[in-house]
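Working notes, beginning with the structure itself.
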Amino acid sequence: MAQAHPRGDSLFPDPDGTVVSAPTTPWSWCRVAFWARMACDAALLLNIAIILRPDLLGDDWQILVQSWTWDGARASLWQPHNEHSMPLGRLSIWLMAQLAGKPTNVPLVMALQGPLAIVAAMVLVYLLVRRETGQPFPALLAMTLFGVNTHYQNAVAWFSASFTVLALDTLLLGLLAAQRWRQTGRRRYLILSALWCALAPGWFATGVLAGPLCLLYLLAPGTPDPGKPRQFLGWFLTLWPRLLATVRHAWLPALIPLLGTVVSLAITMPLNGKQIANLPRVEVEATALETFKPEVGLKYTCRAMVDDLIPGAAGFSEVTSSITVVNAVWVVFVLLGAWWWWQAPHPSLLLLGLGLIVVSYWLIYTGRAYFEYEGMHHWGRYHLFAHLGLVLFVCGGLPRRFVTWLSTAPGLAIDLGVACLLVLLLLTQFPRASGVGYDPQQYADLERVEGIDARCRKDHIAAATAKEALGEFEIDGMLGGEIDGRRLSGWDLLRGSNDPLPMTVEEARDLLGRK
């Protein structure tokens, strides 16, 4: 049975179909839309270096070459990229290659994926928190704190890692569908949530978390009655009985989104599971399965929640604390977290936030247990899900009185406060904003490929013949990458003539000026 949530606006009806009118507040639609747009613009501004100085690096070239043509994309559809099974990613790369048209446009088209996916995630976060709280301020705060940040910069700047942002977007769509089921009780939303959960792993390995996190959200307690005073001790003593009652009540519907993830894995694992499990970890001369250590992942998770979660969100990326400091901070975490949860008006967001933090860190660090913690815990691409979890935990626990007071504050004060927040975030985050290391030589190399491709079309030379005639050519940034034991070449981006003439390799070499 669906759980009704109080509405604070006229955009979303109550589960019984009636529409609740919003109280008169300065949070008009125009004001919210304006500041939401400003937050999205600020997020894009933080990533301006990625857009103005696009660059591809290392693994980017491997997945690009494999999906450069439709035949290549189809052939590599179920081939894992490192430990990631990414059929949706393979198809999207082919589509972006078509949109780019020519090789010199490729870095820019690929560089746009991360920033635009973050903006899409910001909109989805706004919808999730807005519907859950019924108030615009917590939702606007959540999308701003999430998007105007460089904590996870590497996942945005590096094209290969930006697919994790698309996996997060798909997870958020699954959560929105699950949320709709809680609010309306309509079964189609559970089916839709399962569909999104099934698609999420098609972008990146972290997409497997979609089903478990949707299940966790559906098992979360509903919004407590604001009219009932709560004593901390009494609340704490009855916490577990209330949680167990919620689980008994909602466990069966909550399994539906999880089933989407199970079905996705049942399809992909027979196709590439052994290849992923046997992936060589050259750093330690072992396979991926042999280096998968949950106990090490749990230890790294506890440390990263101290070293990276809050310091990283505040702009500090190189904090590594001693075990003594970690233990002391965890005591503070538990005490403050218990109080924040006790007074939280929306515990479902807190439980979801904790799940995003703990489960994502545990999965990532379990798979990376072969690295020393000190050398890799600050890598930005590992903190995307956890950063969103922190934001949801904070915004879901904002005291009801504080949010109510803001709903009646003068409009000028609201504008000034949001503007100051955006400026503060930009000032603290901009020093860490950067791309992946732009090199103009890469553009020059792509121009060379483009020129040769034009010659192939003019002289009716097939791409395969031209590649054989021209020999090896490594574009700057390829870093000696390989596909199936074959060294990558810039000539892999040649499309050749659509109507090639019968021609020997020697004849093609003469026409292309490589005698």
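FYI, nothing fancy with the structure tokens labels: chains A, B, ... in order, residues from 1 per chain, ligands from 1 as they appear.
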Give me the residues near Gly397 in chain A as a ChimeraX atom specification, where near means some atom within 9 Å (using only C-alpha atoms) and where sequence neighbours in that chain fewer than 3 positions away do not count.
/A:340-347,349-350,392-394,400
List as a list of chain:residue names the protein and nucleic acid residues near Leu127 in chain A, meaning an atom at most 10 Å away when only C-alpha atoms are counted, but skip any in the same chain fewer than 5 places from it.
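Once the nearby chain positions are removed, what remains is A:Ala121, A:Met122, A:Glu132, A:Pro136, A:Ala139, A:Leu140, A:Met143, A:Leu172, A:Leu173, A:Leu176.
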Rounded to one decimal place, report the CA of Ser85 in chain A-CA of Leu64 in chain A distance in Å.
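Straight-line distance from CA of Ser85 in chain A to CA of Leu64 in chain A works out to 15.1 Å.
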Select, from A:Asp499, A:Asp510, A:Asp307, A:Glu83, the residue with the minimum atom-to-atom distance to Arg368 in chain A, counting only C-alpha atoms.
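When distances to Arg368 in chain A are compared using only C-alpha atoms, the smallest one comes from A:Glu83.
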Hey, could you make a per-residue contact list for range 55-173 of chain A against range 453-477 of chain A with 7 Å as the cut-off, showing the nearest pair of atoms and its distance in Å to one decimal, counting only C-alpha atoms, sorted by chain and number, as JSON lines?
{"residue": "A:Leu56", "atom": "CA", "partner": "A:Gly477", "partner_atom": "CA", "distance": 6.5}
{"residue": "A:Leu57", "atom": "CA", "partner": "A:Gly477", "partner_atom": "CA", "distance": 4.9}
{"residue": "A:Gly58", "atom": "CA", "partner": "A:Gly477", "partner_atom": "CA", "distance": 6.1}
What does the structure give for the distance between CA of Leu511 in chain A and CA of Ile452 in chain A, in Å to one decimal?
10.4 Å
I'd like to know which of A:Ser28, A:Gln135, A:Asn105, A:Thr69 is closest to Gly496 in chain A, using only C-alpha atoms.
A:Thr69
Would you give me, as a ChimeraX atom specification, the residues in range 103-245 of chain A that DSSP reads as alpha helix (DSSP H)?
/A:106-111,113-133,136-147,153-157,163-184,187-199,210-218,232-237,239-245
Which residues, written as a ChimeraX atom specification, have at least one atom at most 10 Å from Thr206 in chain A, with only C-alpha atoms counted and residues fewer than 6 positions away on the same chain left out?
/A:84,163-165,167-168,171,200,359-360,363-364,382,385
